[in-house]
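S.K.: File name model_24.txt; file contents compact mmCIF, C-alpha atoms; full text below.
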# COMPACT_ATOMS: atom_id res chain seq x y z
CA MET A 285 26.79 -31.73 -21.76
CA ASN A 286 23.41 -30.85 -23.14
CA LEU A 287 22.28 -34.13 -24.70
CA ALA A 288 19.36 -32.52 -26.47
CA LYS A 289 21.75 -30.34 -28.48
CA GLU A 290 24.84 -32.51 -28.83
CA MET A 291 23.64 -36.06 -29.49
CA LYS A 292 22.99 -37.25 -33.08
CA PHE A 293 20.00 -39.54 -33.53
CA PRO A 294 19.97 -42.50 -36.00
CA SER A 295 16.94 -42.99 -38.24
CA PHE A 296 15.13 -46.30 -38.79
CA SER A 297 15.87 -46.24 -42.53
CA ASN A 298 19.64 -45.70 -42.32
CA SER A 299 20.38 -47.54 -39.11
CA LYS A 300 22.73 -50.48 -39.35
CA ILE A 301 21.15 -52.05 -36.29
CA PRO A 302 19.50 -55.32 -37.46
CA LEU A 303 15.99 -54.60 -36.26
CA VAL A 304 14.48 -57.63 -37.99
CA GLY A 305 16.74 -60.06 -36.20
CA LEU A 306 16.02 -58.64 -32.76
CA PRO A 307 13.51 -60.36 -30.50
CA PHE A 308 10.24 -58.52 -29.92
CA SER A 309 11.27 -57.32 -26.43
CA GLY A 310 14.50 -55.94 -27.87
CA ARG A 311 12.68 -54.06 -30.59
CA VAL A 312 10.29 -52.55 -28.03
CA LEU A 313 13.21 -51.45 -25.86
CA LEU A 314 15.03 -49.92 -28.82
CA LEU A 315 11.85 -48.10 -29.88
CA MET A 316 11.47 -46.65 -26.38
CA VAL A 317 15.06 -45.38 -26.50
CA PHE A 318 14.47 -43.71 -29.88
CA THR A 319 11.23 -42.14 -28.62
CA THR A 320 12.95 -40.73 -25.54
CA LEU A 321 15.77 -39.25 -27.58
CA PHE A 322 13.26 -37.73 -30.01
CA LEU A 323 11.41 -36.01 -27.16
CA LEU A 324 14.66 -34.65 -25.80
CA ALA A 325 15.49 -33.30 -29.22
CA GLY A 326 12.20 -31.37 -29.18
CA CYS A 327 13.56 -29.16 -26.41
CA GLU A 328 16.26 -27.85 -28.74
CA THR A 329 13.83 -25.31 -30.24
CA GLU A 330 12.19 -24.35 -26.94
CA ASP A 331 13.13 -22.26 -23.92
CA CYS A 332 14.76 -24.64 -21.48
CA VAL A 333 12.34 -23.33 -18.83
CA ASN A 334 9.59 -25.28 -20.57
CA CYS A 335 11.60 -28.50 -20.22
CA ILE A 336 11.50 -28.45 -16.42
CA GLU A 337 8.78 -27.95 -13.83
CA LEU A 338 9.37 -24.77 -11.83
CA PRO A 339 8.40 -24.86 -8.17
CA PRO A 340 6.01 -22.11 -6.95
CA PRO A 341 7.80 -18.87 -5.99
CA VAL A 342 8.49 -17.92 -2.42
CA VAL A 343 5.90 -15.84 -0.59
CA PRO A 344 6.29 -12.02 -0.83
CA THR A 345 7.30 -10.33 2.41
CA GLY A 346 7.11 -6.87 3.94
CA VAL A 347 3.59 -6.31 2.65
CA HIS A 348 2.00 -3.14 4.07
CA SER A 349 -0.36 -0.40 2.95
CA ILE A 350 -0.76 3.36 3.06
CA SER A 351 -4.15 5.08 3.27
CA GLY A 352 -5.10 7.80 0.84
CA ASP A 353 -8.22 9.67 -0.22
CA ASN A 354 -10.25 7.00 -2.06
CA LEU A 355 -6.87 5.31 -2.55
CA VAL A 356 -4.79 2.61 -0.89
CA ILE A 357 -1.14 2.01 -1.81
CA VAL A 358 0.07 -1.56 -1.22
CA GLN A 359 3.84 -2.09 -0.97
CA TRP A 360 6.03 -5.21 -0.66
CA TYR A 361 9.67 -6.24 -1.00
CA ASP A 362 11.12 -7.42 -4.29
CA ILE A 363 11.84 -11.17 -4.55
CA SER A 364 15.25 -12.00 -5.98
CA TYR A 365 16.76 -15.40 -6.74
CA HIS A 366 20.51 -16.08 -6.81
CA PRO A 367 22.21 -15.24 -9.06
CA TYR A 368 20.27 -12.01 -9.51
CA ASP A 369 21.54 -9.07 -11.52
CA GLY A 370 18.33 -7.17 -12.14
CA ASN A 371 17.46 -9.19 -15.25
CA TYR A 372 14.43 -11.35 -15.94
CA ASN A 373 14.20 -14.47 -13.80
CA ALA A 374 11.66 -17.17 -14.62
CA ASN A 375 11.09 -17.88 -10.92
CA VAL A 376 9.18 -14.59 -10.50
CA GLU A 377 7.46 -13.14 -13.53
CA SER A 378 4.89 -10.93 -11.78
CA TYR A 379 2.96 -10.26 -8.59
CA TYR A 380 -0.80 -10.64 -8.05
CA ILE A 381 -2.55 -8.25 -5.65
CA TYR A 382 -5.65 -9.47 -3.84
CA ARG A 383 -8.28 -7.66 -1.77
CA ARG A 384 -11.33 -8.38 0.35
CA TYR A 385 -13.66 -6.41 2.60
CA TYR A 386 -12.57 -6.49 6.22
CA GLU A 387 -14.23 -6.29 9.63
CA ASP A 388 -12.70 -6.54 13.09
CA GLY A 389 -12.05 -10.18 13.95
CA ASP A 390 -11.79 -11.40 10.34
CA GLU A 391 -8.15 -12.30 10.91
CA TYR A 392 -9.33 -15.32 12.91
CA ILE A 393 -11.27 -16.73 9.95
CA GLY A 394 -9.38 -19.39 8.03
CA ASN A 395 -9.51 -19.70 4.23
CA ARG A 396 -10.64 -16.12 3.72
CA GLU A 397 -11.66 -15.47 0.11
CA PHE A 398 -9.78 -12.72 -1.70
CA VAL A 399 -10.45 -11.22 -5.13
CA LEU A 400 -7.67 -10.54 -7.63
CA ILE A 401 -7.57 -6.78 -8.31
CA GLY A 402 -4.29 -6.23 -10.11
CA GLU A 403 -0.94 -7.47 -11.37
CA VAL A 404 2.52 -5.87 -11.26
CA PRO A 405 5.32 -7.14 -13.56
CA TRP A 406 8.56 -8.39 -12.00
CA ASN A 407 10.28 -5.14 -13.04
CA GLY A 408 7.29 -2.78 -12.72
CA ASN A 409 6.42 -0.24 -10.02
CA PHE A 410 9.76 -0.74 -8.34
CA ASP A 411 11.92 1.57 -6.24
CA PRO A 412 15.50 0.21 -6.19
CA THR A 413 16.44 2.43 -3.26
CA SER A 414 13.94 0.84 -0.88
CA GLY A 415 13.62 -2.50 -2.69
CA LEU A 416 9.84 -2.08 -2.74
CA HIS A 417 7.22 -2.71 -5.39
CA TRP A 418 3.89 -0.92 -5.13
CA PHE A 419 0.30 -1.12 -6.39
CA GLU A 420 -2.25 1.69 -6.26
CA ASP A 421 -5.84 0.64 -5.56
CA PHE A 422 -7.84 3.52 -6.99
CA ASP A 423 -11.08 1.55 -6.55
CA ALA A 424 -10.83 1.78 -2.75
CA GLU A 425 -13.57 3.96 -1.26
CA ASN A 426 -13.54 6.19 1.79
CA GLY A 427 -15.63 4.69 4.56
CA GLU A 428 -14.78 1.06 3.67
CA ARG A 429 -12.23 -1.26 5.27
CA TYR A 430 -10.14 -3.67 3.21
CA GLU A 431 -7.64 -6.48 3.67
CA TYR A 432 -4.84 -6.97 1.15
CA ALA A 433 -2.51 -9.82 0.22
CA VAL A 434 0.16 -10.35 -2.44
CA ALA A 435 1.29 -13.51 -4.28
CA ALA A 436 4.28 -14.09 -6.57
CA VAL A 437 3.82 -15.81 -9.95
CA ASN A 438 6.46 -17.67 -12.01
CA SER A 439 6.72 -18.07 -15.79
CA ALA A 440 4.73 -21.32 -15.67
CA GLY A 441 1.82 -19.52 -14.02
CA ALA A 442 2.31 -21.13 -10.61
CA GLU A 443 1.47 -18.86 -7.67
CA SER A 444 3.02 -18.69 -4.25
CA ALA A 445 0.86 -18.75 -1.16
CA LEU A 446 -0.65 -15.41 -0.19
CA SER A 447 1.50 -13.10 1.93
CA TYR A 448 1.33 -13.82 5.64
CA GLU A 449 1.06 -10.28 7.01
CA LEU A 450 -2.36 -9.07 8.13
CA VAL A 451 -2.71 -5.89 6.06
CA THR A 452 -5.89 -3.89 6.58
CA ASP A 453 -6.64 -0.37 5.49
CA ALA A 454 -9.38 2.24 5.41
CA PRO A 455 -8.94 5.16 2.98
CA LEU A 456 -10.00 8.50 4.39
CA PHE A 457 -10.76 12.08 3.46
CA HIS A 458 -7.93 14.57 3.55
CA SER A 459 -7.24 18.03 2.24
CA LEU A 460 -6.21 18.42 -1.37
CA SER A 461 -5.15 22.00 -0.74
CA PRO A 462 -4.22 23.98 2.38
CA VAL A 463 -6.86 25.50 4.63
CA TYR A 464 -6.32 28.99 6.07
CA LEU A 465 -7.65 29.63 9.57
CA TYR A 466 -7.71 33.21 10.91
CA GLY A 467 -7.57 34.23 14.53
CA VAL A 468 -10.88 34.90 16.28
CA GLU A 469 -9.53 38.31 17.27
CA GLY A 470 -8.60 39.29 13.70
CA ASP A 471 -10.43 40.71 10.70
CA HIS A 472 -12.05 37.39 9.72
CA PRO A 473 -13.39 35.70 12.85
CA GLU A 474 -15.92 33.86 10.68
CA TRP A 475 -12.99 31.82 9.29
CA SER A 476 -11.36 31.01 12.60
CA GLY A 477 -13.02 27.63 13.07
CA PHE A 478 -12.92 24.29 11.28
CA ASP A 479 -15.50 21.48 11.13
CA PHE A 480 -13.82 18.24 10.04
CA SER A 481 -17.09 16.53 9.19
CA LEU A 482 -17.78 18.96 6.35
CA MET A 483 -15.50 17.08 3.95
CA ASP A 484 -18.52 16.28 1.76
CA TYR A 485 -18.75 19.98 0.88
CA GLY A 486 -15.14 20.27 -0.22
CA HIS A 487 -11.71 19.49 1.10
CA ASN A 488 -10.81 23.02 2.11
CA GLU A 489 -13.94 24.12 3.94
CA SER A 490 -13.60 25.97 7.23
CA TYR A 491 -16.77 26.55 9.14
CA PRO A 492 -17.70 29.72 11.01
CA GLY A 493 -19.15 30.04 14.45
CA TYR A 494 -19.77 27.73 17.35
CA ASN A 495 -20.41 24.58 15.22
CA ALA A 496 -16.71 24.22 14.49
CA ASP A 497 -14.65 21.48 16.15
CA ILE A 498 -11.60 23.70 16.67
CA GLU A 499 -10.88 27.45 16.61
CA VAL A 500 -7.69 29.47 16.25
CA HIS A 501 -6.82 32.28 18.65
CA PHE A 502 -3.76 34.59 18.52
CA GLN A 503 -2.21 35.84 21.74
CA GLY A 504 0.79 38.13 21.45
CA GLY A 505 1.22 37.06 17.84
CA ILE A 506 1.33 33.36 18.80
CA PRO A 507 -1.47 31.10 17.47
CA TYR A 508 -3.29 28.62 19.68
CA VAL A 509 -5.87 25.98 18.85
CA HIS A 510 -8.91 25.65 21.11
CA SER A 511 -11.38 22.78 21.23
CA THR A 512 -14.86 24.27 21.01
CA ARG A 513 -16.58 21.84 23.39
CA SER A 514 -15.83 19.03 25.84
CA ALA A 515 -16.66 16.38 23.23
CA VAL A 516 -13.63 17.49 21.17
CA LEU A 517 -10.20 16.39 22.44
CA ILE A 518 -6.89 17.49 20.92
CA GLN A 519 -3.25 16.57 21.34
CA ASP A 520 0.06 17.76 19.89
CA PHE A 521 2.02 14.79 18.53
CA GLY A 522 5.15 16.81 17.85
CA VAL A 523 7.18 17.81 14.82
CA PHE A 524 7.17 15.64 11.68
CA THR A 525 9.28 17.19 8.92
CA ASP A 526 11.91 16.02 6.44
CA GLY A 527 15.31 17.55 5.76
CA ASP A 528 13.73 20.28 3.65
CA GLY A 529 11.27 21.26 6.36
CA GLN A 530 8.28 19.70 4.56
CA VAL A 531 5.62 18.10 6.73
CA ILE A 532 5.60 14.30 6.75
CA PHE A 533 1.84 13.97 7.16
CA GLU A 534 1.92 10.17 7.27
CA GLY A 535 4.16 10.46 10.36
CA VAL A 536 1.06 10.13 12.54
CA SER A 537 -0.94 7.12 11.40
CA TRP A 538 -3.11 6.31 14.43
CA ALA A 539 -4.94 8.35 17.03
CA PRO A 540 -4.26 7.42 20.67
CA ALA A 541 -6.78 5.70 22.90
CA ASP A 542 -6.14 8.38 25.53
CA GLY A 543 -3.60 11.04 26.45
CA TYR A 544 -5.24 14.22 25.17
CA SER A 545 -4.81 17.75 26.46
CA ASN A 546 -6.64 18.45 29.70
CA THR A 547 -7.21 22.11 28.84
CA GLY A 548 -8.16 21.73 25.17
CA VAL A 549 -5.75 24.55 24.31
CA LEU A 550 -2.43 23.99 22.50
CA GLU A 551 0.11 26.24 20.85
CA LEU A 552 0.27 25.85 17.08
CA ILE A 553 3.79 25.27 15.76
CA GLU A 554 4.94 24.87 12.17
CA GLY A 555 5.70 21.25 11.27
CA HIS A 556 3.68 19.83 14.15
CA ILE A 557 0.83 17.36 13.70
CA TYR A 558 -2.21 17.43 15.99
CA VAL A 559 -4.75 14.66 16.56
CA VAL A 560 -8.41 15.35 17.26
CA GLU A 561 -11.04 13.05 18.79
CA ILE A 562 -14.63 14.13 18.09
CA SER A 563 -17.56 12.48 19.87
CA GLU A 564 -21.00 13.19 18.45
CA TYR A 565 -24.02 11.65 20.17
CA PRO A 566 -25.62 9.45 18.86
CA TYR A 567 -23.31 9.09 15.85
CA GLY A 568 -20.23 7.89 17.69
CA THR A 569 -16.57 8.94 17.79
CA HIS A 570 -14.52 10.08 14.81
CA TYR A 571 -10.82 10.82 14.60
CA ALA A 572 -9.00 13.51 12.64
CA LYS A 573 -5.59 15.08 12.38
CA PHE A 574 -4.12 18.29 11.03
CA ALA A 575 -0.62 19.61 10.41
CA VAL A 576 0.53 23.22 10.60
CA THR A 577 2.34 23.93 7.34
CA GLU A 578 2.83 27.69 7.75
CA ILE A 579 2.14 30.50 10.21
CA LEU A 580 1.63 34.00 8.83
CA ASP A 581 0.49 37.27 10.35
CA GLY A 582 -2.87 36.47 11.90
CA VAL A 583 -3.45 33.29 9.88
CA VAL A 584 -2.45 29.62 10.12
CA GLU A 585 -2.17 27.25 7.14
CA ILE A 586 -3.09 23.61 7.80
CA ILE A 587 -3.64 20.32 5.98
CA TRP A 588 -5.98 17.75 7.49
CA ALA A 589 -7.45 14.24 7.38
CA TYR A 590 -10.75 12.87 8.74
CA GLN A 591 -11.71 9.22 9.28
CA ILE A 592 -15.42 8.80 8.56
CA ILE A 593 -15.58 5.24 9.93
CA THR A 594 -16.91 5.49 13.47
CA GLY A 595 -14.48 4.44 16.17
CA LEU A 596 -11.57 3.77 13.80
CA PRO A 597 -8.40 5.65 14.84
CA GLU A 598 -6.49 4.98 11.58
CA LEU A 599 -5.28 8.32 10.19
CA SER A 600 -2.46 7.53 7.77
CA VAL A 601 -2.46 9.30 4.40
CA PRO A 602 0.26 9.74 1.77
CA GLY A 603 2.13 12.98 1.51
CA GLY A 604 2.82 14.91 -1.68
CA ASP A 605 0.48 14.26 -4.59
CA ASN A 606 -1.11 11.18 -2.97
CA LYS A 607 0.70 8.66 -5.22
CA PRO A 608 4.23 7.73 -6.25
CA VAL A 609 5.66 9.27 -9.41
CA ASP A 610 9.07 7.69 -10.01
CA GLY A 611 8.72 5.39 -7.01
CA PRO A 612 7.18 5.25 -3.56
CA GLU A 613 7.71 8.64 -1.97
CA ILE A 614 7.02 7.25 1.49
CA ILE A 615 7.57 3.99 3.29
CA SER A 616 5.36 3.11 6.24
CA LEU A 617 6.12 -0.19 7.95
Could I get this structure in the form of structure tokens?

M.R.:
Amino acid sequence: MNLAKEMKFPSFSNSKIPLVGLPFSGRVLLLMVFTTLFLLAGCETEDCVNCIELPPPVVPTGVHSISGDNLVIVQWYDISYHPYDGNYNANVESYYIYRRYYEDGDEYIGNREFVLIGEVPWNGNFDPTSGLHWFEDFDAENGERYEYAVAAVNSAGAESALSYELVTDAPLFHSLSPVYLYGVEGDHPEWSGFDFSLMDYGHNESYPGYNADIEVHFQGGIPYVHSTRSAVLIQDFGVFTDGDGQVIFEGVSWAPADGYSNTGVLELIEGHIYVVEISEYPYGTHYAKFAVTEILDGVVEIIWAYQIITGLPELSVPGGDNKPVDGPEIISL
């Protein structure tokens, strides 16, 4: 029984209790009882949530990120409390997303200081198929490394602890439109090569001549990629396509420490993703990748990504239009 709603409270003026005849201690006790009942009655006009102290929510799990071009997408699993039917639950009202700048070894520093960069409502940015929420950090910049964490918040404003996963990311340049590379032996040898470091001049620039990192050659109608010098290593990571034959570009997220082609020559195959290691003295080593999206007569269509942070092999970028529309289009765990 809800006492705050069901119990009737006597007033001092109409009460038949002989207050005057009671000893002082009895009157004090009776006054305390009336005061307690009055406070309980105050809850009748309030949400019952405000009558109790909610514990902090549980910590979000499954937190991970996806690199984009000046963009990082942070994803995490939805928190549900029993009974849960998809309706509002006071235990989790929203999620806070935190970020900090990251350097190798920071994970060993205790009490790292994060900055709040965004909030997602309990029912916002949610894909029911995967059970994931997401947040898009459009303030992330290519060439910087970040660490992310997520906390859950209840209706009383209490936060959970920050998520336990170490989630670091470095957004990177990648093509906004396909690049067309012609065979050296064809009518446009000046467009047979590609220089990944020219991303500052546009996302679909191919570079002529010997300064390119890779070149395309056709032999018997079959295209091959050639590294242009010993400082450029390449490797075929295999086919990465969905059921419709579309390239899953995020399928290759890291370049290998070793295991590149000994000859520097590989056949180009539709749907395959290739990783490139480029060493430039004295600037250091950069990593890139490209996918073959279509092969035509004498020309190869590719999309690409280039990590401008020296020595960092992270190469994951979202597919499609770089960001979710009706929900996360990709899941990378």

S.K.: Point out the residue among A:His501, A:His472, A:His348, A:Arg513 with the least atom-to-atom distance to Val434 (chain A), counting only C-alpha atoms.

M.R.: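 Result for the nearest residue to Val434 (chain A): A:His348.
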
S.K.: Compare A:Tyr464, A:Tyr508, A:Trp360, A:Tyr372 by their minimum atom-to-atom distance to Glu449 (chain A), counting all atoms listed in the file, and give me the closest one.

M.R.: A:Trp360

S.K.: Within 7 Å of Gly352 (chain A), counting all atoms listed in the file, which residues show up once you throw out same-chain ones fewer than 6 positions away? Write them as a list in words, please.

M.R.: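 My list of contacting residues is Pro455, Leu456, Val601, Pro602 and Asn606 of chain A.
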
S.K.: From the list A:Glu551, A:Glu499, A:Glu403, A:Asp411, which residue is nearest Ile381 (chain A) when using all atoms listed in the file?

M.R.: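 Among the listed residues, the smallest separation from Ile381 (chain A) belongs to A:Glu403.
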
S.K.: Could you check the closest approach to Trp406 (chain A) for each of A:Thr547, A:Ser439, A:Thr452, A:Gln530 and tell me which residue wins, using only C-alpha atoms?

M.R.: A:Ser439

S.K.: For His458 (chain A), list every protein, DNA or RNA residue within 7 Å, evaluated using all atoms listed in the file, and leave out those in the same chain fewer than 6 positions away; present the list as a PDB file with C-alpha atoms, in the frame of the given file.

M.R.:
ATOM      1  CA  ASP A 353      -8.220   9.670  -0.220  1.00  0.00           C
ATOM      2  CA  HIS A 487     -11.710  19.490   1.100  1.00  0.00           C
ATOM      3  CA  TRP A 588      -5.980  17.750   7.490  1.00  0.00           C
ATOM      4  CA  ALA A 589      -7.450  14.240   7.380  1.00  0.00           C
ATOM      5  CA  TYR A 590     -10.750  12.870   8.740  1.00  0.00           C
TER       6      TYR A 590
END

S.K.: Closest to Val583 (chain A) among A:Ala445, A:Ala374, A:Ile498, A:Val468, using only C-alpha atoms?

M.R.: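 Looking only at the distances to Val583 (chain A), the closest residue turns out to be A:Val468.
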
S.K.: One decimal, Å: what's the distance from CA of Glu431 (chain A) over to CA of Val347 (chain A), could you say?

M.R.: 11.3 Å

S.K.: Name the closest residue to Thr577 (chain A) among the candidates A:Pro344, A:Pro462, A:Gly505, A:Pro540; distances are taken between atoms, counting only C-alpha atoms.

M.R.: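 Distance minimum relative to Thr577 (chain A) lands on A:Pro462.
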
S.K.: Neighbours of Tyr567 (chain A) within 12 Å (only C-alpha atoms; same-chain residues fewer than 6 positions away dropped), as a short mmCIF file (atom, residue, chain, number, x, y, z; two decimals) with C-alpha atoms, in the coordinates of the input?

M.R.:
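Just written: around39.cif:
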data_model
loop_
_atom_site.label_atom_id
_atom_site.label_comp_id
_atom_site.auth_asym_id
_atom_site.auth_seq_id
_atom_site.Cartn_x
_atom_site.Cartn_y
_atom_site.Cartn_z
CA SER A 481 -17.09 16.53 9.19
CA ILE A 592 -15.42 8.80 8.56
CA ILE A 593 -15.58 5.24 9.93
CA THR A 594 -16.91 5.49 13.47
CA GLY A 595 -14.48 4.44 16.17
#

S.K.: Take the point (-15.3, 17.8, 15.7) as written in the file and pick out every residue within 8 Å of it, counting only C-alpha atoms; give the list as a CSV table (one decimal) with C-alpha atoms, keeping the file's coordinate frame.

M.R.:
chain,number,residue,atom,x,y,z
A,479,ASP,CA,-15.5,21.5,11.1
A,480,PHE,CA,-13.8,18.2,10.0
A,481,SER,CA,-17.1,16.5,9.2
A,496,ALA,CA,-16.7,24.2,14.5
A,497,ASP,CA,-14.6,21.5,16.2
A,498,ILE,CA,-11.6,23.7,16.7
A,515,ALA,CA,-16.7,16.4,23.2
A,516,VAL,CA,-13.6,17.5,21.2
A,560,VAL,CA,-8.4,15.4,17.3
A,561,GLU,CA,-11.0,13.0,18.8
A,562,ILE,CA,-14.6,14.1,18.1
A,563,SER,CA,-17.6,12.5,19.9
A,564,GLU,CA,-21.0,13.2,18.4
A,570,HIS,CA,-14.5,10.1,14.8

S.K.: Near Ala539 (chain A), counting all atoms listed in the file, which residues have an atom at most 9 Å away, once you skip same-chain residues fewer than 3 positions from it, shown as an MDAnalysis selection string?

M.R.: chainID A and resid 536 542 559:561 571:573 596:599

S.K.: With C-alpha atoms retained, could you export that selection as a compact mmCIF listing (two decimals), in the coordinates of the input?

M.R.:
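So the final result, stored in result_14.txt, reads:
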# COMPACT_ATOMS: atom_id res chain seq x y z
CA VAL A 536 1.06 10.13 12.54
CA ASP A 542 -6.14 8.38 25.53
CA VAL A 559 -4.75 14.66 16.56
CA VAL A 560 -8.41 15.35 17.26
CA GLU A 561 -11.04 13.05 18.79
CA TYR A 571 -10.82 10.82 14.60
CA ALA A 572 -9.00 13.51 12.64
CA LYS A 573 -5.59 15.08 12.38
CA LEU A 596 -11.57 3.77 13.80
CA PRO A 597 -8.40 5.65 14.84
CA GLU A 598 -6.49 4.98 11.58
CA LEU A 599 -5.28 8.32 10.19

S.K.: Mind pulling up the distance from CA of Val549 (chain A) to CA of Asp581 (chain A)?

M.R.: 19.9 Å

S.K.: What's the separation between CA of Phe422 (chain A) and CA of Gly441 (chain A), in Å to one decimal place?

M.R.: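 Result for CA of Phe422 (chain A) versus CA of Gly441 (chain A): 26.0 Å, one decimal.
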